[in-house]
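data.txt follows (compact mmCIF, C-alpha atoms):
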# COMPACT_ATOMS: atom_id res chain seq x y z
CA MET U 1 113.72 139.05 116.08
CA ASP U 2 110.15 137.78 115.91
CA ARG U 3 109.38 137.03 112.23
CA GLN U 4 105.71 137.82 112.72
CA ILE U 5 106.43 141.38 113.85
CA ILE U 6 108.33 141.93 110.60
CA LEU U 7 105.55 140.37 108.50
CA ASP U 8 103.04 142.54 110.35
CA ALA U 9 105.02 145.58 109.16
CA PHE U 10 104.79 144.31 105.57
CA MET U 11 101.02 144.00 106.02
CA PHE U 12 100.87 147.45 107.64
CA ARG U 13 102.66 149.08 104.68
CA HIS U 14 100.37 150.15 101.87
CA ALA U 15 100.44 152.88 99.24
CA CYS U 16 98.97 155.58 101.47
CA LYS U 17 97.15 158.02 99.19
CA GLU U 18 96.51 160.72 101.76
CA PHE U 19 98.19 161.53 105.05
CA ASP U 20 97.00 163.23 108.21
CA PRO U 21 98.17 166.79 107.51
CA GLN U 22 98.60 167.44 111.26
CA ALA U 23 100.76 164.43 112.01
CA ARG U 24 104.49 165.12 111.62
CA ILE U 25 107.28 162.54 111.60
CA SER U 26 109.87 163.38 114.25
CA GLU U 27 113.31 164.56 113.15
CA GLN U 28 114.87 161.46 114.71
CA ASP U 29 112.50 159.08 112.92
CA PHE U 30 113.07 160.69 109.54
CA ALA U 31 116.83 160.62 110.11
CA PHE U 32 116.41 156.91 110.86
CA ILE U 33 114.54 156.38 107.56
CA LEU U 34 117.21 158.26 105.58
CA GLU U 35 119.90 156.23 107.28
CA THR U 36 118.38 153.02 105.87
CA ALA U 37 118.61 154.58 102.39
CA ARG U 38 122.19 155.64 102.97
CA LEU U 39 123.16 152.13 104.11
CA SER U 40 121.38 150.43 101.19
CA PRO U 41 123.46 148.30 98.86
CA SER U 42 123.94 149.12 95.20
CA SER U 43 125.73 147.61 92.23
CA PHE U 44 129.50 147.88 92.76
CA GLY U 45 128.58 149.95 95.84
CA PHE U 46 128.46 153.12 93.73
CA GLU U 47 125.35 154.61 95.42
CA PRO U 48 123.98 156.10 92.18
CA TRP U 49 121.40 158.21 94.00
CA GLN U 50 120.68 161.61 95.43
CA PHE U 51 117.69 162.32 97.68
CA LEU U 52 115.86 165.63 97.69
CA VAL U 53 113.66 166.11 100.74
CA VAL U 54 111.14 168.70 99.66
CA GLN U 55 109.65 170.34 102.74
CA ASP U 56 108.97 173.81 101.33
CA MET U 57 105.35 173.62 100.18
CA ALA U 58 106.00 176.14 97.41
CA TYR U 59 108.50 173.70 95.89
CA ARG U 60 106.19 170.73 96.31
CA GLU U 61 103.54 172.66 94.43
CA LYS U 62 105.85 173.05 91.44
CA LEU U 63 105.78 169.26 91.08
CA LEU U 64 102.02 168.95 91.51
CA PRO U 65 100.89 169.76 87.93
CA TYR U 66 102.93 166.87 86.52
CA THR U 67 102.36 164.34 89.29
CA TRP U 68 98.93 162.79 88.85
CA GLY U 69 99.90 159.97 91.21
CA GLY U 70 100.70 162.36 94.06
CA LYS U 71 97.69 164.65 94.23
CA GLY U 72 96.73 163.50 97.71
CA GLN U 73 100.23 162.91 99.02
CA ILE U 74 102.13 166.04 97.99
CA PRO U 75 100.03 168.44 100.08
CA THR U 76 99.63 166.16 103.10
CA ALA U 77 102.90 164.24 103.46
CA SER U 78 104.96 164.99 106.53
CA HIS U 79 108.10 164.42 104.45
CA PHE U 80 108.27 164.31 100.66
CA LEU U 81 111.29 162.84 98.91
CA VAL U 82 112.34 162.97 95.26
CA CYS U 83 114.95 160.39 94.34
CA LEU U 84 117.38 161.30 91.58
CA ALA U 85 119.34 158.61 89.73
CA MET U 86 122.73 159.22 88.18
CA LYS U 87 123.30 159.28 84.43
CA THR U 88 126.07 158.12 82.11
CA PRO U 89 128.56 160.98 82.62
CA LEU U 90 128.75 160.13 86.33
CA LEU U 91 128.56 156.34 85.97
CA ARG U 92 130.59 155.35 82.92
CA TYR U 93 133.41 152.99 83.80
CA ASP U 94 135.97 155.55 82.67
CA SER U 95 134.47 158.55 84.47
CA ALA U 96 136.60 160.50 86.90
CA VAL U 97 133.67 160.43 89.35
CA ILE U 98 133.79 156.63 89.60
CA ALA U 99 137.56 156.56 90.00
CA ASP U 100 137.31 159.20 92.72
CA PHE U 101 134.48 157.30 94.43
CA MET U 102 136.54 154.11 94.63
CA HIS U 103 139.46 156.11 95.93
CA THR U 104 137.76 158.47 98.37
CA VAL U 105 134.61 156.67 99.58
CA GLN U 106 135.50 153.01 99.14
CA GLU U 107 139.14 153.65 100.08
CA LEU U 108 140.38 150.97 97.72
CA PRO U 109 144.09 150.59 96.96
CA GLU U 110 145.20 151.41 93.41
CA GLU U 111 145.48 147.79 92.26
CA ARG U 112 141.95 146.99 93.46
CA ILE U 113 140.68 150.10 91.64
CA ALA U 114 142.30 148.91 88.42
CA ALA U 115 140.81 145.41 88.76
CA ARG U 116 137.34 146.69 89.66
CA THR U 117 137.40 149.18 86.80
CA ALA U 118 138.10 146.33 84.38
CA TYR U 119 135.16 144.29 85.74
CA TYR U 120 132.95 147.37 85.70
CA ALA U 121 133.90 148.10 82.08
CA THR U 122 133.01 144.57 80.97
CA PHE U 123 129.81 144.73 82.96
CA GLN U 124 128.76 147.97 81.24
CA GLN U 125 130.05 147.11 77.78
CA SER U 126 128.83 143.55 77.36
CA ASP U 127 127.35 141.80 80.43
CA PHE U 128 124.47 144.25 80.91
CA ARG U 129 125.09 146.40 77.77
CA LEU U 130 124.59 149.64 79.68
CA LEU U 131 126.38 151.69 77.04
CA ASP U 132 123.78 150.84 74.41
CA SER U 133 121.85 153.99 75.33
CA GLU U 134 121.72 156.78 77.89
CA ARG U 135 118.44 155.32 78.98
CA ALA U 136 119.86 151.86 79.65
CA MET U 137 122.43 153.37 82.02
CA PHE U 138 119.84 155.59 83.72
CA ASP U 139 117.38 152.74 84.18
CA TRP U 140 120.15 150.61 85.68
CA ALA U 141 120.92 153.39 88.17
CA CYS U 142 117.19 153.62 88.91
CA LYS U 143 117.11 149.91 89.77
CA GLN U 144 119.62 150.57 92.52
CA CYS U 145 117.54 153.52 93.71
CA TYR U 146 114.57 151.16 94.14
CA ILE U 147 116.61 149.18 96.68
CA ALA U 148 116.85 152.31 98.80
CA GLN U 149 113.16 152.97 98.15
CA ALA U 150 112.15 149.56 99.48
CA ASN U 151 114.36 149.90 102.51
CA MET U 152 112.96 153.32 103.41
CA MET U 153 109.39 152.05 103.12
CA THR U 154 110.06 148.90 105.11
CA ALA U 155 112.01 150.73 107.81
CA ALA U 156 109.19 153.27 108.07
CA ALA U 157 106.57 150.51 108.35
CA LEU U 158 108.58 148.77 111.07
CA VAL U 159 108.21 151.88 113.24
CA GLY U 160 104.59 152.59 112.30
CA ILE U 161 105.17 155.26 109.65
CA ASP U 162 103.21 155.23 106.40
CA SER U 163 104.58 155.87 102.94
CA CYS U 164 103.66 155.95 99.28
CA PRO U 165 106.02 155.30 96.37
CA ILE U 166 105.11 157.41 93.35
CA GLU U 167 105.80 156.74 89.66
CA GLY U 168 102.64 158.55 88.58
CA PHE U 169 104.25 161.59 86.97
CA VAL U 170 105.44 162.83 83.59
CA GLN U 171 109.16 162.12 83.73
CA ASP U 172 110.24 164.81 81.23
CA LYS U 173 108.12 167.50 82.84
CA VAL U 174 109.28 166.72 86.35
CA ASP U 175 112.88 166.71 85.15
CA ALA U 176 112.30 170.13 83.61
CA VAL U 177 110.97 171.46 86.94
CA LEU U 178 113.90 169.93 88.79
CA ALA U 179 116.31 171.66 86.43
CA GLU U 180 114.51 175.01 86.39
CA ASP U 181 113.50 175.34 90.05
CA PHE U 182 115.59 172.86 92.03
CA GLY U 183 118.92 173.45 90.29
CA VAL U 184 119.33 169.83 89.20
CA ASP U 185 121.84 169.28 86.38
CA LEU U 186 119.99 167.00 83.97
CA THR U 187 123.19 165.86 82.30
CA GLU U 188 124.08 164.21 85.60
CA TYR U 189 120.75 163.27 87.23
CA GLY U 190 117.13 162.49 86.40
CA VAL U 191 114.06 161.72 88.50
CA ALA U 192 113.78 158.04 89.47
CA TYR U 193 110.72 158.18 91.73
CA MET U 194 109.03 160.17 94.45
CA LEU U 195 108.32 158.84 97.92
CA ALA U 196 105.94 160.36 100.43
CA PHE U 197 105.95 159.73 104.18
CA GLY U 198 103.47 160.50 106.93
CA TYR U 199 100.65 158.99 108.94
CA ARG U 200 97.50 157.53 107.42
CA ILE U 201 94.18 159.29 107.84
CA LYS U 202 91.96 156.37 106.84
CA ALA U 203 92.03 152.59 106.78
CA PRO U 204 93.72 151.04 103.75
CA LYS U 205 92.08 148.71 101.28
CA ARG U 206 92.65 145.01 101.69
CA LYS U 207 96.08 143.95 100.40
CA THR U 208 95.96 141.64 97.37
CA ARG U 209 98.82 139.46 96.14
CA ARG U 210 99.19 136.33 94.07
CA PRO U 211 99.62 133.24 96.26
CA LEU U 212 103.20 132.08 96.78
CA ASP U 213 102.93 129.06 94.48
CA GLN U 214 102.21 131.39 91.54
CA VAL U 215 105.25 133.54 92.30
CA VAL U 216 107.91 130.99 93.25
CA ARG U 217 109.17 127.94 91.39
CA TRP U 218 111.53 125.48 93.12
CA ILE U 219 114.22 123.83 91.03
CA MET M 1 110.33 148.81 117.51
CA ASP M 2 113.81 149.88 118.57
CA ARG M 3 115.33 151.89 115.67
CA GLN M 4 118.83 150.82 116.62
CA ILE M 5 118.01 147.12 116.21
CA ILE M 6 116.88 147.85 112.65
CA LEU M 7 119.98 149.94 111.90
CA ASP M 8 122.13 147.14 113.34
CA ALA M 9 120.56 144.82 110.75
CA PHE M 10 121.50 147.29 107.99
CA MET M 11 125.08 147.26 109.31
CA PHE M 12 125.02 143.45 109.58
CA ARG M 13 123.97 143.06 105.93
CA HIS M 14 126.84 142.98 103.47
CA ALA M 15 127.44 141.36 100.09
CA CYS M 16 128.51 137.98 101.47
CA LYS M 17 130.86 136.45 98.90
CA GLU M 18 131.05 132.98 100.43
CA PHE M 19 128.75 131.11 102.78
CA ASP M 20 129.29 128.37 105.30
CA PRO M 21 128.42 125.33 103.15
CA GLN M 22 127.25 123.41 106.24
CA ALA M 23 124.85 126.04 107.53
CA ARG M 24 121.33 125.69 106.16
CA ILE M 25 118.50 128.21 106.45
CA SER M 26 115.45 126.58 108.00
CA GLU M 27 112.39 126.00 105.86
CA GLN M 28 110.41 128.41 108.05
CA ASP M 29 112.99 131.15 107.77
CA PHE M 30 113.22 130.90 104.00
CA ALA M 31 109.44 130.90 103.75
CA PHE M 32 109.53 134.08 105.84
CA ILE M 33 112.04 135.68 103.42
CA LEU M 34 109.94 134.74 100.39
CA GLU M 35 106.86 136.13 102.08
CA THR M 36 108.50 139.58 102.27
CA ALA M 37 109.10 139.37 98.49
CA ARG M 38 105.52 138.32 97.89
CA LEU M 39 104.18 141.22 99.97
CA SER M 40 106.48 143.78 98.30
CA PRO M 41 104.86 146.69 96.49
CA SER M 42 105.20 147.24 92.75
CA SER M 43 104.01 149.78 90.22
CA PHE M 44 100.24 149.48 89.81
CA GLY M 45 100.56 146.43 92.06
CA PHE M 46 101.24 144.20 89.04
CA GLU M 47 103.99 142.09 90.70
CA PRO M 48 106.08 141.79 87.50
CA TRP M 49 108.30 139.07 88.98
CA GLN M 50 108.84 135.36 89.22
CA PHE M 51 111.30 133.79 91.64
CA LEU M 52 113.22 130.62 90.86
CA VAL M 53 114.73 129.01 93.94
CA VAL M 54 117.53 126.86 92.57
CA GLN M 55 118.40 124.17 95.10
CA ASP M 56 119.48 121.41 92.73
CA MET M 57 123.25 121.85 92.51
CA ALA M 58 123.31 120.50 88.95
CA TYR M 59 121.12 123.42 87.91
CA ARG M 60 123.16 125.96 89.85
CA GLU M 61 126.23 124.71 88.00
CA LYS M 62 124.62 125.51 84.66
CA LEU M 63 124.61 129.18 85.70
CA LEU M 64 128.17 129.16 86.98
CA PRO M 65 130.08 129.64 83.68
CA TYR M 66 128.26 132.94 82.99
CA THR M 67 128.12 134.27 86.54
CA TRP M 68 131.52 135.74 87.42
CA GLY M 69 129.95 137.56 90.37
CA GLY M 70 128.65 134.36 91.93
CA LYS M 71 131.66 132.04 91.91
CA GLY M 72 131.81 131.84 95.70
CA GLN M 73 128.09 132.07 96.37
CA ILE M 74 126.57 129.58 93.91
CA PRO M 75 128.27 126.50 95.40
CA THR M 76 127.93 127.53 99.06
CA ALA M 77 124.58 129.34 99.37
CA SER M 78 121.94 127.64 101.46
CA HIS M 79 119.32 129.04 99.10
CA PHE M 80 119.95 130.50 95.64
CA LEU M 81 117.33 132.60 93.93
CA VAL M 82 117.07 133.83 90.35
CA CYS M 83 114.61 136.66 89.87
CA LEU M 84 112.85 136.90 86.53
CA ALA M 85 111.24 140.14 85.39
CA MET M 86 108.27 140.25 83.03
CA LYS M 87 108.50 141.56 79.48
CA THR M 88 106.26 143.58 77.20
CA PRO M 89 103.83 140.82 76.12
CA LEU M 90 102.82 140.31 79.76
CA LEU M 91 102.93 143.95 80.82
CA ARG M 92 101.57 146.05 77.96
CA TYR M 93 98.52 148.06 79.01
CA ASP M 94 96.36 146.16 76.52
CA SER M 95 97.56 142.67 77.40
CA ALA M 96 95.05 140.06 78.48
CA VAL M 97 97.38 139.13 81.34
CA ILE M 98 97.08 142.60 82.90
CA ALA M 99 93.31 142.66 82.50
CA ASP M 100 93.06 139.23 84.07
CA PHE M 101 95.40 140.28 86.91
CA MET M 102 93.21 143.27 87.80
CA HIS M 103 90.15 141.06 87.66
CA THR M 104 91.39 137.91 89.40
CA VAL M 105 94.15 139.04 91.79
CA GLN M 106 93.24 142.65 92.51
CA GLU M 107 89.50 141.86 92.37
CA LEU M 108 88.67 145.26 90.90
CA PRO M 109 85.21 146.02 89.58
CA GLU M 110 84.90 146.56 85.82
CA GLU M 111 84.72 150.37 85.98
CA ARG M 112 87.89 150.55 88.10
CA ILE M 113 89.65 148.25 85.63
CA ALA M 114 88.71 150.56 82.77
CA ALA M 115 89.94 153.63 84.65
CA ARG M 116 93.20 152.00 85.74
CA THR M 117 93.85 150.69 82.24
CA ALA M 118 93.56 154.23 80.92
CA TYR M 119 96.06 155.54 83.49
CA TYR M 120 98.36 152.60 82.83
CA ALA M 121 98.23 153.24 79.06
CA THR M 122 99.19 156.90 79.50
CA PHE M 123 101.90 155.92 81.93
CA GLN M 124 103.42 153.48 79.46
CA GLN M 125 102.86 155.55 76.33
CA SER M 126 103.99 158.98 77.49
CA ASP M 127 104.71 159.47 81.22
CA PHE M 128 107.53 156.89 81.38
CA ARG M 129 107.68 156.01 77.62
CA LEU M 130 107.87 152.30 78.32
CA LEU M 131 106.77 151.39 74.80
CA ASP M 132 109.85 153.02 73.26
CA SER M 133 111.66 149.68 73.39
CA GLU M 134 111.36 146.16 74.76
CA ARG M 135 114.28 147.00 76.97
CA ALA M 136 112.60 150.05 78.50
CA MET M 137 109.65 147.90 79.58
CA PHE M 138 111.88 145.11 80.88
CA ASP M 139 114.09 147.53 82.86
CA TRP M 140 110.98 149.08 84.38
CA ALA M 141 109.81 145.63 85.49
CA CYS M 142 113.32 145.01 86.87
CA LYS M 143 113.07 148.17 88.99
CA GLN M 144 110.04 146.67 90.73
CA CYS M 145 111.95 143.41 91.19
CA TYR M 146 114.65 145.34 93.06
CA ILE M 147 112.05 146.36 95.65
CA ALA M 148 111.48 142.69 96.40
CA GLN M 149 115.25 142.16 96.37
CA ALA M 150 115.83 144.83 99.01
CA ASN M 151 113.02 143.52 101.17
CA MET M 152 114.33 139.97 101.08
CA MET M 153 117.84 141.11 102.02
CA THR M 154 116.63 143.37 104.82
CA ALA M 155 114.22 140.77 106.20
CA ALA M 156 117.03 138.20 106.14
CA ALA M 157 119.41 140.56 107.93
CA LEU M 158 116.80 141.30 110.59
CA VAL M 159 116.83 137.61 111.54
CA GLY M 160 120.58 137.15 111.20
CA ILE M 161 120.69 135.61 107.72
CA ASP M 162 123.29 136.73 105.18
CA SER M 163 122.73 137.40 101.51
CA CYS M 164 124.41 138.62 98.35
CA PRO M 165 122.69 140.34 95.43
CA ILE M 166 124.31 139.41 92.12
CA GLU M 167 124.39 141.37 88.86
CA GLY M 168 127.77 139.94 87.89
CA PHE M 169 126.68 137.74 85.01
CA VAL M 170 126.28 137.85 81.25
CA GLN M 171 122.58 138.60 80.83
CA ASP M 172 122.17 137.02 77.37
CA LYS M 173 124.00 133.85 78.32
CA VAL M 174 122.09 133.38 81.56
CA ASP M 175 118.83 133.95 79.70
CA ALA M 176 119.86 131.28 77.21
CA VAL M 177 120.51 128.81 80.05
CA LEU M 178 117.20 129.70 81.66
CA ALA M 179 115.41 129.01 78.38
CA GLU M 180 117.30 125.83 77.54
CA ASP M 181 117.52 124.19 80.95
CA PHE M 182 114.97 125.87 83.20
CA GLY M 183 112.12 126.08 80.70
CA VAL M 184 111.79 129.85 80.91
CA ASP M 185 109.92 131.46 78.01
CA LEU M 186 112.15 134.39 77.01
CA THR M 187 109.34 136.16 75.22
CA GLU M 188 107.70 136.56 78.63
CA TYR M 189 110.57 136.73 81.15
CA GLY M 190 114.25 137.60 81.44
CA VAL M 191 116.76 137.47 84.27
CA ALA M 192 116.70 140.53 86.52
CA TYR M 193 119.20 139.49 89.17
CA MET M 194 120.35 136.59 91.31
CA LEU M 195 120.25 136.56 95.09
CA ALA M 196 122.11 134.15 97.34
CA PHE M 197 121.27 133.41 100.98
CA GLY M 198 123.15 131.62 103.72
CA TYR M 199 125.39 132.20 106.69
CA ARG M 200 128.76 133.98 106.51
CA ILE M 201 131.97 132.07 106.95
CA LYS M 202 134.23 135.05 107.57
CA ALA M 203 134.03 138.60 108.85
CA PRO M 204 132.96 141.19 106.28
CA LYS M 205 134.98 144.19 105.21
CA ARG M 206 134.20 147.53 106.78
CA LYS M 207 131.08 149.10 105.24
CA THR M 208 131.77 152.33 103.33
CA ARG M 209 129.16 154.91 102.40
CA ARG M 210 129.10 158.60 101.55
CA PRO M 211 128.09 160.70 104.55
CA LEU M 212 124.43 161.75 104.69
CA ASP M 213 125.07 165.38 103.72
CA GLN M 214 126.49 164.22 100.38
CA VAL M 215 123.44 162.08 99.66
CA VAL M 216 120.55 164.22 100.86
CA ARG M 217 119.60 167.79 100.00
CA TRP M 218 116.82 169.55 101.93
CA ILE M 219 114.57 171.95 100.04
Kindly return the structure encoded in the file as structure tokens.
Amino acid sequence: MDRQIILDAFMFRHACKEFDPQARISEQDFAFILETARLSPSSFGFEPWQFLVVQDMAYREKLLPYTWGGKGQIPTASHFLVCLAMKTPLLRYDSAVIADFMHTVQELPEERIAARTAYYATFQQSDFRLLDSERAMFDWACKQCYIAQANMMTAAALVGIDSCPIEGFVQDKVDAVLAEDFGVDLTEYGVAYMLAFGYRIKAPKRKTRRPLDQVVRWI
Amino acid sequence: MDRQIILDAFMFRHACKEFDPQARISEQDFAFILETARLSPSSFGFEPWQFLVVQDMAYREKLLPYTWGGKGQIPTASHFLVCLAMKTPLLRYDSAVIADFMHTVQELPEERIAARTAYYATFQQSDFRLLDSERAMFDWACKQCYIAQANMMTAAALVGIDSCPIEGFVQDKVDAVLAEDFGVDLTEYGVAYMLAFGYRIKAPKRKTRRPLDQVVRWI
């Protein structure tokens, strides 16, 4: 594949603050975007995410009061996604969910499950100290969710679809709305980020980045 | 662009555990991969990352004792990257580094800098509570680093290059090596992840994922 076409997509992508409210992403194209999230890698392959696609405007409006970074996107996005990350009860090395995941989804034989569980326990207990706090585990799950986020944005850009990743919200308040109105169990999930998709209505600002020699060091 | 070609790249990508030690990624192709990291988005656009490309085998070997998840990749990867994430002293809303970044890199006028600093302060203080601990801030920076990680892996896959993201290491020990041997200032940076690139030497295992209806809920 032509490298320049891919780099052009990276230049095309920007944090689109407002979308053309008339322009809708086709069902096939949005399925394509979700497929890149589904196929994204994650630590141990445990896919610690859940994606809510909020198309009912009444539900989007429930998020609006606590989402200062989405004022222009929530009402105009063709598709609006809320990414949930898993919490400790689902992700702990000794959880039944993880054992079942290795068995059912990853289809690992029993001896591989035992070996992986031992690695996963060490990883959580000491390598990355994820058991130090509920937050440490949740933030680790969120990191994996950002892999899917990047892939959705890049895949969208490659086919000419705009997006905007959103962290501009009050985490506690949004979680409360998700529990109250969206039926999310906050013992199991919390909001990682929001991600809006659609088509731009105006030209983006110039992209700024540090030059490569300030970002990369060769050793 | 043909959606199927992109999805084929997502199927092609897998966590490659061992690379062909003879097969080298061209300078142009690796520059292309790094460019997709450089152009990656991040919260507030602050690019809280630094990439070490470790090509000197003597330096890779220093990481080996503490990197159980990279035993096959470290010696065989064409290119081996260590991603550093920024810490609180560089990222706090009132740091001189952030003010300088908005001025020099983002080229924002003074009144925009003042407004963004106010948003950024609220974001850190209450919306995402990043000042609760050093770790909360570091993990937040890591999340942004995972966006660049995903983009590098996907860009590589699109041009037929394999990769493996690595979290299988002892964070404290690797940080100590980075400080001692790589000259990394641990008050400013810590290891987020490692990422190996090269060309596969054997066929990957079948990719497993939950089906879409277990991952996505429409509202």
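Atom pair atom CA of Leu186 of chain M / atom CA of Asp172 of chain M has a distance of 10.4 Å (rounded to one decimal).
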*Using only C-alpha atoms, which chain M residues lie at most 6 Å away from chain U, written as a ChimeraX atom specification?*
/M:1,50-55,106,127-128,143,146-147,150,159,170-171,208,215-219
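Straight-line separation from atom CA of Pro89 of chain U to atom CA of Leu63 of chain U: 25.7 Å.
Across the structure, atom CA of Gly70 of chain U and atom CA of Leu178 of chain U are spaced 16.1 Å apart.
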Could the centre and edge lengths of an axis-aligned box, enclosing all atoms of segment 216-219 of chain U in the file with 6 Å extra on each side, be given in Å to one decimal as lines of an AutoDock Vina configuration file?
center_x = 111.1
center_y = 127.4
center_z = 92.1
size_x = 18.3
size_y = 19.2
size_z = 14.2
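Shortest atom-to-atom contact with Ile201 of chain M among M:Val177, M:Met102, M:Ile161, M:Ala118: M:Ile161, counting only C-alpha atoms.
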- Query: So which residues fall inside 9 Å of (101.9, 158.6, 100.9) if we count all atoms listed in the file? Mind giving them as a VMD selection string?
  - Reply: chain U and resid 14 to 19 70 72 to 74 76 to 77 80 162 to 166 195 to 200
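Distances from U:Ala99, U:Arg116, U:Thr88, U:Asp94 to Asp132 of chain U were compared using all atoms listed in the file, and the smallest one belongs to U:Thr88.
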What's around Leu90 of chain U at 9 Å? Count all atoms listed in the file, leave out sequence neighbours fewer than 3 positions away in its own chain, and write the answer as a compact mmCIF listing (two decimals) with C-alpha atoms, in the frame of the given file.
# COMPACT_ATOMS: atom_id res chain seq x y z
CA PRO U 48 123.98 156.10 92.18
CA MET U 86 122.73 159.22 88.18
CA LYS U 87 123.30 159.28 84.43
CA TYR U 93 133.41 152.99 83.80
CA SER U 95 134.47 158.55 84.47
CA ALA U 96 136.60 160.50 86.90
CA VAL U 97 133.67 160.43 89.35
CA ILE U 98 133.79 156.63 89.60
CA THR U 187 123.19 165.86 82.30
CA GLU U 188 124.08 164.21 85.60
CA TYR U 189 120.75 163.27 87.23
